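Source file target_15.cif; content: mmCIF, C-alpha atoms.
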data_run
loop_
_atom_site.group_PDB
_atom_site.id
_atom_site.type_symbol
_atom_site.label_atom_id
_atom_site.label_comp_id
_atom_site.auth_asym_id
_atom_site.auth_seq_id
_atom_site.Cartn_x
_atom_site.Cartn_y
_atom_site.Cartn_z
ATOM 1 C CA MET A 24 1.905 -122.342 45.988
ATOM 2 C CA ASP A 25 1.709 -123.465 42.352
ATOM 3 C CA ARG A 26 0.733 -121.074 39.593
ATOM 4 C CA MET A 27 -2.959 -121.025 38.728
ATOM 5 C CA LYS A 28 -4.292 -121.166 35.200
ATOM 6 C CA MET A 29 -6.231 -118.032 34.233
ATOM 7 C CA VAL A 30 -8.065 -117.840 30.895
ATOM 8 C CA ASP A 31 -8.735 -114.381 29.476
ATOM 9 C CA LEU A 32 -11.744 -114.121 27.147
ATOM 10 C CA CYS A 33 -11.116 -110.493 26.130
ATOM 11 C CA THR A 34 -11.750 -109.892 22.411
ATOM 12 C CA LEU A 35 -9.668 -106.725 22.047
ATOM 13 C CA GLU A 36 -7.067 -106.568 19.296
ATOM 14 C CA ASP A 37 -3.658 -107.747 20.509
ATOM 15 C CA ASP A 38 -1.969 -104.339 20.424
ATOM 16 C CA VAL A 39 -4.807 -102.652 22.345
ATOM 17 C CA TYR A 40 -4.915 -105.515 24.842
ATOM 18 C CA GLU A 41 -1.179 -105.274 25.492
ATOM 19 C CA GLN A 42 -1.361 -101.513 25.900
ATOM 20 C CA ILE A 43 -4.105 -101.807 28.517
ATOM 21 C CA THR A 44 -2.998 -104.884 30.453
ATOM 22 C CA GLY A 45 0.770 -104.865 30.015
ATOM 23 C CA GLY A 46 2.557 -105.557 33.297
ATOM 24 C CA VAL A 47 -0.618 -105.711 35.394
ATOM 25 C CA PHE A 48 -0.896 -109.437 36.028
ATOM 26 C CA ASP A 49 1.385 -111.310 38.422
ATOM 27 C CA LEU A 50 2.679 -114.041 36.139
ATOM 28 C CA ASP A 51 4.570 -115.641 39.019
ATOM 29 C CA ARG A 52 1.190 -116.577 40.429
ATOM 30 C CA PHE A 53 -0.954 -116.993 37.315
ATOM 31 C CA ASP A 54 -0.451 -118.813 34.037
ATOM 32 C CA LEU A 55 -2.286 -116.425 31.689
ATOM 33 C CA VAL A 56 -3.866 -117.896 28.544
ATOM 34 C CA ARG A 57 -5.782 -115.786 26.034
ATOM 35 C CA ALA A 58 -8.640 -117.357 24.131
ATOM 36 C CA GLY A 59 -8.219 -114.952 21.220
ATOM 37 C CA ARG A 60 -10.886 -112.815 19.605
ATOM 38 C CA ASP A 61 -11.942 -115.428 17.048
ATOM 39 C CA ALA A 62 -12.123 -118.479 19.333
ATOM 40 C CA SER A 63 -15.384 -120.422 19.147
ATOM 41 C CA GLU A 64 -17.326 -121.445 22.230
ATOM 42 C CA GLU A 65 -16.072 -124.996 21.758
ATOM 43 C CA GLU A 66 -12.476 -123.775 21.732
ATOM 44 C CA VAL A 67 -13.102 -121.687 24.844
ATOM 45 C CA ILE A 68 -14.603 -124.722 26.588
ATOM 46 C CA GLU A 69 -11.450 -126.716 25.933
ATOM 47 C CA LEU A 70 -9.264 -123.910 27.268
ATOM 48 C CA VAL A 71 -11.156 -123.462 30.534
ATOM 49 C CA ARG A 72 -11.456 -127.122 31.544
ATOM 50 C CA ASP A 73 -8.525 -126.831 33.992
ATOM 51 C CA ALA A 74 -8.744 -123.062 34.645
ATOM 52 C CA ALA A 75 -9.040 -121.672 38.162
ATOM 53 C CA VAL A 76 -9.925 -118.155 36.957
ATOM 54 C CA ILE A 77 -11.793 -116.795 33.955
ATOM 55 C CA LEU A 78 -11.483 -113.127 32.995
ATOM 56 C CA THR A 79 -14.464 -111.709 31.127
ATOM 57 C CA ASP A 80 -14.467 -109.757 27.877
ATOM 58 C CA LEU A 81 -13.654 -106.088 28.497
ATOM 59 C CA VAL A 82 -15.958 -105.014 25.654
ATOM 60 C CA HIS A 83 -18.728 -107.529 26.488
ATOM 61 C CA VAL A 84 -18.857 -109.168 23.055
ATOM 62 C CA ARG A 85 -18.096 -112.701 24.275
ATOM 63 C CA HIS A 86 -20.377 -114.115 26.962
ATOM 64 C CA ILE A 87 -19.539 -116.635 29.665
ATOM 65 C CA THR A 88 -22.318 -119.132 29.174
ATOM 66 C CA ARG A 89 -23.553 -122.010 31.286
ATOM 67 C CA ARG A 90 -21.692 -124.425 28.998
ATOM 68 C CA ILE A 91 -18.402 -122.626 29.615
ATOM 69 C CA ILE A 92 -18.937 -122.476 33.376
ATOM 70 C CA GLU A 93 -19.946 -126.118 33.656
ATOM 71 C CA ALA A 94 -16.959 -127.224 31.555
ATOM 72 C CA ALA A 95 -14.484 -125.461 33.869
ATOM 73 C CA GLU A 96 -14.124 -128.198 36.475
ATOM 74 C CA ASN A 97 -11.543 -126.333 38.581
ATOM 75 C CA LEU A 98 -13.134 -122.891 38.295
ATOM 76 C CA ARG A 99 -12.963 -120.818 41.469
ATOM 77 C CA LEU A 100 -13.408 -117.220 40.258
ATOM 78 C CA ILE A 101 -14.927 -115.270 37.374
ATOM 79 C CA GLN A 102 -13.453 -111.769 37.359
ATOM 80 C CA CYS A 103 -15.061 -109.001 35.307
ATOM 81 C CA TYR A 104 -12.797 -106.351 33.850
ATOM 82 C CA SER A 105 -15.328 -103.560 34.340
ATOM 83 C CA ILE A 106 -18.625 -102.842 36.085
ATOM 84 C CA GLY A 107 -21.036 -104.802 33.906
ATOM 85 C CA PHE A 108 -21.606 -108.484 34.643
ATOM 86 C CA ASP A 109 -24.624 -109.226 32.440
ATOM 87 C CA ASP A 110 -22.351 -111.162 30.051
ATOM 88 C CA VAL A 111 -21.917 -113.847 32.733
ATOM 89 C CA ASP A 112 -24.521 -116.527 33.481
ATOM 90 C CA LEU A 113 -24.847 -115.676 37.182
ATOM 91 C CA VAL A 114 -27.296 -118.487 37.846
ATOM 92 C CA ALA A 115 -24.883 -121.109 36.516
ATOM 93 C CA ALA A 116 -22.020 -119.552 38.501
ATOM 94 C CA ARG A 117 -24.102 -119.511 41.677
ATOM 95 C CA GLU A 118 -25.084 -123.145 41.196
ATOM 96 C CA ARG A 119 -21.409 -124.054 40.903
ATOM 97 C CA GLY A 120 -20.521 -121.923 43.941
ATOM 98 C CA VAL A 121 -18.216 -119.752 41.818
ATOM 99 C CA PRO A 122 -17.988 -116.076 42.846
ATOM 100 C CA VAL A 123 -18.325 -113.425 40.140
ATOM 101 C CA ALA A 124 -16.565 -110.141 40.933
ATOM 102 C CA ASN A 125 -16.533 -106.857 39.054
ATOM 103 C CA ALA A 126 -14.453 -103.679 39.134
ATOM 104 C CA ALA A 127 -17.106 -101.383 40.606
ATOM 105 C CA GLY A 128 -16.107 -97.776 41.163
ATOM 106 C CA THR A 129 -13.355 -97.644 38.559
ATOM 107 C CA LEU A 130 -15.424 -96.016 35.793
ATOM 108 C CA SER A 131 -17.652 -93.721 37.826
ATOM 109 C CA LYS A 132 -15.915 -90.438 37.019
ATOM 110 C CA PRO A 133 -15.848 -90.603 33.204
ATOM 111 C CA ILE A 134 -19.417 -91.941 33.012
ATOM 112 C CA ALA A 135 -20.668 -89.222 35.353
ATOM 113 C CA GLU A 136 -18.853 -86.560 33.312
ATOM 114 C CA TYR A 137 -20.463 -87.940 30.151
ATOM 115 C CA THR A 138 -23.903 -87.845 31.777
ATOM 116 C CA ILE A 139 -23.637 -84.204 32.794
ATOM 117 C CA THR A 140 -22.059 -83.207 29.462
ATOM 118 C CA VAL A 141 -24.750 -84.717 27.238
ATOM 119 C CA ALA A 142 -27.525 -83.469 29.526
ATOM 120 C CA LEU A 143 -26.211 -79.910 29.208
ATOM 121 C CA TYR A 144 -25.765 -80.323 25.453
ATOM 122 C CA LEU A 145 -29.446 -81.226 25.102
ATOM 123 C CA LEU A 146 -30.735 -78.706 27.636
ATOM 124 C CA LYS A 147 -28.841 -75.879 25.903
ATOM 125 C CA SER A 148 -30.080 -76.881 22.390
ATOM 126 C CA ILE A 149 -26.477 -76.756 21.183
ATOM 127 C CA GLU A 150 -27.000 -79.187 18.294
ATOM 128 C CA TYR A 151 -29.908 -77.123 16.934
ATOM 129 C CA ALA A 152 -28.014 -73.837 17.215
ATOM 130 C CA HIS A 153 -24.845 -75.251 15.661
ATOM 131 C CA THR A 154 -26.638 -76.970 12.778
ATOM 132 C CA GLU A 155 -28.755 -73.953 11.898
ATOM 133 C CA LEU A 156 -25.868 -71.494 12.122
ATOM 134 C CA ASN A 157 -23.769 -73.705 9.860
ATOM 135 C CA LYS A 158 -26.575 -73.353 7.311
ATOM 136 C CA GLY A 159 -26.344 -69.582 7.646
ATOM 137 C CA ASN A 160 -29.568 -69.312 9.678
ATOM 138 C CA TRP A 161 -29.461 -66.814 12.571
ATOM 139 C CA VAL A 162 -31.889 -68.509 15.014
ATOM 140 C CA GLN A 163 -31.388 -66.262 18.014
ATOM 141 C CA GLN A 164 -35.065 -65.283 18.224
ATOM 142 C CA GLN A 165 -36.218 -68.896 17.818
ATOM 143 C CA MET A 166 -34.146 -69.754 20.874
ATOM 144 C CA LEU A 167 -35.692 -67.104 23.098
ATOM 145 C CA SER A 168 -38.828 -69.175 23.719
ATOM 146 C CA GLY A 169 -40.468 -72.449 22.799
ATOM 147 C CA PRO A 170 -38.979 -75.957 22.697
ATOM 148 C CA LYS A 171 -35.464 -74.815 21.752
ATOM 149 C CA VAL A 172 -34.969 -72.270 24.533
ATOM 150 C CA PRO A 173 -31.784 -73.109 26.484
ATOM 151 C CA LEU A 174 -32.476 -74.178 30.069
ATOM 152 C CA GLU A 175 -30.493 -73.572 33.265
ATOM 153 C CA PHE A 176 -29.472 -76.867 34.844
ATOM 154 C CA GLY A 177 -29.346 -75.266 38.286
ATOM 155 C CA VAL A 178 -33.093 -74.578 38.415
ATOM 156 C CA LEU A 179 -34.074 -78.035 37.177
ATOM 157 C CA THR A 180 -34.506 -81.439 38.806
ATOM 158 C CA LEU A 181 -32.171 -84.343 38.134
ATOM 159 C CA GLY A 182 -33.502 -87.836 38.749
ATOM 160 C CA ILE A 183 -31.172 -90.799 39.201
ATOM 161 C CA ILE A 184 -32.471 -94.348 38.791
ATOM 162 C CA GLY A 185 -29.931 -96.572 40.497
ATOM 163 C CA CYS A 186 -27.529 -94.766 42.797
ATOM 164 C CA GLY A 187 -24.415 -96.882 43.173
ATOM 165 C CA SER A 188 -20.943 -95.534 42.540
ATOM 166 C CA ILE A 189 -21.854 -94.040 39.145
ATOM 167 C CA GLY A 190 -25.137 -92.507 40.225
ATOM 168 C CA GLN A 191 -23.466 -90.993 43.266
ATOM 169 C CA GLU A 192 -20.737 -89.454 41.126
ATOM 170 C CA VAL A 193 -23.401 -87.996 38.824
ATOM 171 C CA ALA A 194 -25.001 -86.431 41.905
ATOM 172 C CA ARG A 195 -21.652 -85.104 43.120
ATOM 173 C CA LEU A 196 -21.101 -83.249 39.837
ATOM 174 C CA ALA A 197 -24.684 -82.026 39.575
ATOM 175 C CA LYS A 198 -24.654 -80.659 43.112
ATOM 176 C CA GLY A 199 -22.251 -77.938 42.018
ATOM 177 C CA PHE A 200 -24.917 -76.515 39.699
ATOM 178 C CA GLY A 201 -27.435 -76.196 42.528
ATOM 179 C CA THR A 202 -29.697 -78.753 40.870
ATOM 180 C CA GLN A 203 -32.354 -80.532 42.920
ATOM 181 C CA ILE A 204 -31.430 -84.234 42.902
ATOM 182 C CA LEU A 205 -33.929 -87.041 43.423
ATOM 183 C CA TYR A 206 -32.929 -90.687 43.415
ATOM 184 C CA TYR A 207 -34.529 -94.098 43.455
ATOM 185 C CA LYS A 208 -32.660 -97.161 44.642
ATOM 186 C CA ARG A 209 -33.875 -100.528 45.859
ATOM 187 C CA SER A 210 -32.170 -99.920 49.198
ATOM 188 C CA ARG A 211 -31.924 -96.382 50.538
ATOM 189 C CA LEU A 212 -28.479 -94.844 51.005
ATOM 190 C CA PRO A 213 -27.238 -93.828 54.474
ATOM 191 C CA GLU A 214 -28.355 -90.382 55.620
ATOM 192 C CA GLU A 215 -24.791 -89.065 55.659
ATOM 193 C CA VAL A 216 -24.348 -89.979 51.985
ATOM 194 C CA GLU A 217 -27.629 -88.304 51.070
ATOM 195 C CA ARG A 218 -26.597 -85.196 52.979
ATOM 196 C CA GLU A 219 -23.125 -85.059 51.418
ATOM 197 C CA LEU A 220 -24.429 -85.393 47.858
ATOM 198 C CA GLY A 221 -27.628 -83.368 48.255
ATOM 199 C CA LEU A 222 -29.790 -86.398 47.446
ATOM 200 C CA GLU A 223 -33.509 -86.775 48.135
ATOM 201 C CA TYR A 224 -34.832 -90.336 48.293
ATOM 202 C CA SER A 225 -38.033 -90.718 46.246
ATOM 203 C CA SER A 226 -40.253 -93.405 44.813
ATOM 204 C CA PHE A 227 -39.681 -94.690 41.304
ATOM 205 C CA ASP A 228 -42.869 -92.997 40.062
ATOM 206 C CA GLU A 229 -41.982 -89.683 41.700
ATOM 207 C CA VAL A 230 -38.543 -89.654 40.076
ATOM 208 C CA LEU A 231 -40.125 -90.325 36.680
ATOM 209 C CA ALA A 232 -42.753 -87.618 37.073
ATOM 210 C CA SER A 233 -40.529 -84.911 38.578
ATOM 211 C CA SER A 234 -37.231 -85.128 36.698
ATOM 212 C CA ASP A 235 -36.170 -82.696 33.987
ATOM 213 C CA VAL A 236 -33.132 -84.926 33.426
ATOM 214 C CA LEU A 237 -33.387 -88.660 34.086
ATOM 215 C CA SER A 238 -30.124 -90.603 34.444
ATOM 216 C CA ILE A 239 -30.335 -94.408 34.214
ATOM 217 C CA ASN A 240 -27.548 -96.059 36.227
ATOM 218 C CA VAL A 241 -28.721 -99.574 37.104
ATOM 219 C CA SER A 242 -27.073 -102.918 36.444
ATOM 220 C CA LEU A 243 -28.862 -105.196 33.982
ATOM 221 C CA THR A 244 -30.741 -107.885 35.909
ATOM 222 C CA ASP A 245 -34.053 -109.687 35.490
ATOM 223 C CA GLU A 246 -35.564 -106.943 37.646
ATOM 224 C CA THR A 247 -34.234 -104.017 35.584
ATOM 225 C CA ARG A 248 -34.673 -105.486 32.105
ATOM 226 C CA GLY A 249 -37.353 -103.373 30.425
ATOM 227 C CA MET A 250 -37.583 -101.126 33.494
ATOM 228 C CA ILE A 251 -38.206 -98.018 31.362
ATOM 229 C CA GLY A 252 -40.936 -98.974 28.911
ATOM 230 C CA ALA A 253 -43.728 -97.130 27.132
ATOM 231 C CA GLU A 254 -45.785 -96.648 30.304
ATOM 232 C CA GLU A 255 -42.831 -95.315 32.284
ATOM 233 C CA ILE A 256 -41.794 -92.944 29.496
ATOM 234 C CA ALA A 257 -45.371 -91.647 29.275
ATOM 235 C CA ARG A 258 -45.215 -90.851 32.995
ATOM 236 C CA MET A 259 -42.005 -88.852 32.578
ATOM 237 C CA LYS A 260 -42.191 -85.082 32.802
ATOM 238 C CA ALA A 261 -43.013 -83.388 29.497
ATOM 239 C CA GLY A 262 -39.897 -81.889 27.946
ATOM 240 C CA ALA A 263 -37.519 -84.062 29.982
ATOM 241 C CA VAL A 264 -34.161 -85.438 28.864
ATOM 242 C CA LEU A 265 -33.211 -89.110 29.331
ATOM 243 C CA VAL A 266 -29.607 -90.329 29.591
ATOM 244 C CA ASN A 267 -28.902 -94.070 29.501
ATOM 245 C CA THR A 268 -25.394 -95.303 30.323
ATOM 246 C CA ALA A 269 -26.617 -98.522 31.939
ATOM 247 C CA ARG A 270 -27.572 -101.173 29.357
ATOM 248 C CA GLY A 271 -29.688 -101.006 26.232
ATOM 249 C CA GLU A 272 -32.065 -103.668 27.516
ATOM 250 C CA VAL A 273 -33.125 -101.445 30.425
ATOM 251 C CA VAL A 274 -34.946 -98.950 28.151
ATOM 252 C CA ASP A 275 -37.476 -99.627 25.382
ATOM 253 C CA TYR A 276 -35.869 -97.674 22.557
ATOM 254 C CA GLY A 277 -38.943 -97.989 20.342
ATOM 255 C CA ALA A 278 -41.041 -96.251 22.985
ATOM 256 C CA LEU A 279 -38.263 -93.718 23.562
ATOM 257 C CA ALA A 280 -38.146 -92.935 19.830
ATOM 258 C CA ASP A 281 -41.913 -92.399 19.781
ATOM 259 C CA ALA A 282 -41.699 -89.995 22.742
ATOM 260 C CA LEU A 283 -38.936 -88.015 21.035
ATOM 261 C CA LYS A 284 -40.792 -87.804 17.725
ATOM 262 C CA SER A 285 -43.991 -86.655 19.426
ATOM 263 C CA GLY A 286 -42.166 -83.980 21.414
ATOM 264 C CA HIS A 287 -43.077 -85.485 24.765
ATOM 265 C CA LEU A 288 -39.345 -85.639 25.555
ATOM 266 C CA ARG A 289 -36.884 -82.883 24.723
ATOM 267 C CA GLY A 290 -34.029 -85.241 23.978
ATOM 268 C CA ALA A 291 -32.099 -88.372 24.895
ATOM 269 C CA ALA A 292 -28.505 -89.519 25.082
ATOM 270 C CA VAL A 293 -27.773 -93.212 24.689
ATOM 271 C CA ASP A 294 -24.387 -94.908 25.102
ATOM 272 C CA VAL A 295 -25.561 -98.525 25.316
ATOM 273 C CA PHE A 296 -27.510 -100.775 22.978
ATOM 274 C CA GLU A 297 -28.984 -104.230 22.833
ATOM 275 C CA ASN A 298 -26.966 -106.657 20.686
ATOM 276 C CA GLU A 299 -23.871 -104.440 20.543
ATOM 277 C CA PRO A 300 -22.201 -103.807 18.143
ATOM 278 C CA ASP A 301 -25.067 -104.704 15.756
ATOM 279 C CA ILE A 302 -27.181 -101.591 16.315
ATOM 280 C CA TRP A 303 -28.294 -100.834 12.768
ATOM 281 C CA ASP A 304 -31.979 -101.537 13.451
ATOM 282 C CA CYS A 305 -32.113 -99.293 16.528
ATOM 283 C CA PRO A 306 -35.156 -96.980 16.199
ATOM 284 C CA LEU A 307 -33.175 -94.048 17.602
ATOM 285 C CA LEU A 308 -30.866 -93.827 14.597
ATOM 286 C CA GLY A 309 -31.318 -90.657 12.572
ATOM 287 C CA LEU A 310 -33.365 -88.698 15.111
ATOM 288 C CA GLU A 311 -32.325 -85.063 15.483
ATOM 289 C CA ASN A 312 -32.776 -84.733 19.250
ATOM 290 C CA VAL A 313 -30.663 -87.758 20.198
ATOM 291 C CA ILE A 314 -26.996 -88.187 21.046
ATOM 292 C CA LEU A 315 -25.756 -91.706 20.257
ATOM 293 C CA THR A 316 -22.307 -92.958 21.300
ATOM 294 C CA PRO A 317 -20.737 -96.443 20.944
ATOM 295 C CA HIS A 318 -20.567 -97.602 24.591
ATOM 296 C CA SER A 319 -17.733 -95.151 25.108
ATOM 297 C CA SER A 320 -18.919 -93.059 28.068
ATOM 298 C CA ALA A 321 -16.368 -94.762 30.324
ATOM 299 C CA GLY A 322 -13.502 -93.976 27.988
ATOM 300 C CA SER A 323 -10.445 -92.058 29.124
ATOM 301 C CA PRO A 324 -6.710 -92.758 29.220
ATOM 302 C CA GLU A 325 -7.008 -93.394 32.960
ATOM 303 C CA SER A 326 -10.102 -95.600 33.227
ATOM 304 C CA PRO A 327 -8.742 -98.850 31.682
ATOM 305 C CA ARG A 328 -5.735 -98.741 33.976
ATOM 306 C CA ARG A 329 -7.951 -98.254 37.020
ATOM 307 C CA CYS A 330 -9.946 -101.309 35.961
ATOM 308 C CA MET A 331 -6.790 -103.358 35.506
ATOM 309 C CA GLU A 332 -5.435 -102.344 38.896
ATOM 310 C CA LYS A 333 -8.711 -103.312 40.595
ATOM 311 C CA VAL A 334 -8.721 -106.657 38.791
ATOM 312 C CA ALA A 335 -5.085 -107.293 39.745
ATOM 313 C CA GLU A 336 -5.848 -106.400 43.356
ATOM 314 C CA ASN A 337 -8.710 -108.885 43.470
ATOM 315 C CA LEU A 338 -6.612 -111.592 41.839
ATOM 316 C CA GLY A 339 -4.004 -111.079 44.549
ATOM 317 C CA LEU A 340 -6.634 -111.460 47.258
ATOM 318 C CA PHE A 341 -7.951 -114.586 45.554
ATOM 319 C CA TYR A 342 -4.512 -116.181 45.311
ATOM 320 C CA GLU A 343 -3.874 -115.475 48.985
ATOM 321 C CA GLY A 344 -7.236 -116.888 50.034
ATOM 322 C CA LYS A 345 -8.516 -113.549 51.349
ATOM 323 C CA PRO A 346 -12.053 -112.097 50.999
ATOM 324 C CA LEU A 347 -12.752 -110.796 47.504
ATOM 325 C CA LEU A 348 -13.858 -107.308 46.496
ATOM 326 C CA ASN A 349 -17.116 -106.534 44.674
ATOM 327 C CA VAL A 350 -18.655 -110.004 44.486
ATOM 328 C CA VAL A 351 -21.977 -109.589 42.641
ATOM 329 C CA ASN A 352 -23.525 -113.035 43.123
#

For this file, produce the structure as structure tokens.
Amino acid sequence: MDRMKMVDLCTLEDDVYEQITGGVFDLDRFDLVRAGRDASEEEVIELVRDAAVILTDLVHVRHITRRIIEAAENLRLIQCYSIGFDDVDLVAARERGVPVANAAGTLSKPIAEYTITVALYLLKSIEYAHTELNKGNWVQQQMLSGPKVPLEFGVLTLGIIGCGSIGQEVARLAKGFGTQILYYKRSRLPEEVERELGLEYSSFDEVLASSDVLSINVSLTDETRGMIGAEEIARMKAGAVLVNTARGEVVDYGALADALKSGHLRGAAVDVFENEPDIWDCPLLGLENVILTPHSSAGSPESPRRCMEKVAENLGLFYEGKPLLNVVN
């Protein structure tokens, strides 16, 4: 079989790209062409006209628009490097009959570790204690009661909104603390999975109202956009902690900032933002009880390679005409 043209839209710097992808792709099967980080949409359109495969941007800066999809006359697969697929026009792909596949499951461990870490950081009031002690203030008595008292994770309730591979890994780690774990998912998990992970299926409203820690782990879709707004945050348990590793558009950060300033919520950790990397107008910036990270919760030396291996595996299946993994449309 002839080699297939594959256009990579990743905007990483060349040295980082080579470090992550080097040796992964089967160049006997695929003619790999990089668009380059500074290519315009018009330039991308010209590149993809005869492409069979488009690889998405690993850091989600460049989007695969309807114009790009419609210009790719021979397109037969859009392969995402990671879990997120909101940078692809799924409607346009579906209309063209082009499958969109992601690398689900490859980033679950580091994101789950991040979720538990930042939750504990906020529950234990570590930032407050560290900051005050660095000023020379011995705040031991202030931390014996009131809003800064450290809390035991094992006697609290963790709520998970969206319980795919990441949410399940969060539950797996939390189970070791003895934490009660509630989850909401559009379709309930099998009983054996619930039993293994110590999960209790609950309604969306019950998870909001009962959780001391709320972990957001949904994909960004029309259904989940704005899922956690002012009304939902108001229904959250007083003194709760919110962790968002999903997408910035899922949570109303203005409403979240108001809840943090008023003391309704104890704290929040946010790894994802709308309009990344232009986050300078985010209302969460500068708040004391917030942890902000630059979409890096999935980072580890191992995670990029796992993504690449999953992508390469799917490309092999595609070339051989076999059923694809993790098709999202």

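Near Leu220 (chain A), within 9 Å and counting only C-alpha atoms, sit A:Gln191, A:Glu192, A:Ala194, A:Arg195, A:Leu196, A:Ala197, A:Lys198, A:Ile204, A:Glu215, A:Val216, A:Glu217; same-chain residues fewer than 3 positions away were not included.
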
Atom pair CA of Ala95 (chain A) + CA of Val71 (chain A), distance 5.1 Å

I'd like the residues picked by the PyMOL selection byres ((chain A and resi 111-123) around 7) written out as a PyMOL selection string, using the chain letters and numbers from the file. chain A and resi 86-89+92+98-102+108-110+124-125+350-352

I'd like to know which of A:Ser319, A:Ala142, A:Gln165, A:Leu174 is closest to Leu237 (chain A), using only C-alpha atoms.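 That would be A:Ala142, the residue with the smallest distance to Leu237 (chain A).
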
Kindly indicate which residue among A:Glu93, A:Asp80, A:Asp301, A:Glu255 lies nearest to Ile68 (chain A), using all atoms listed in the file for the distances. A:Glu93
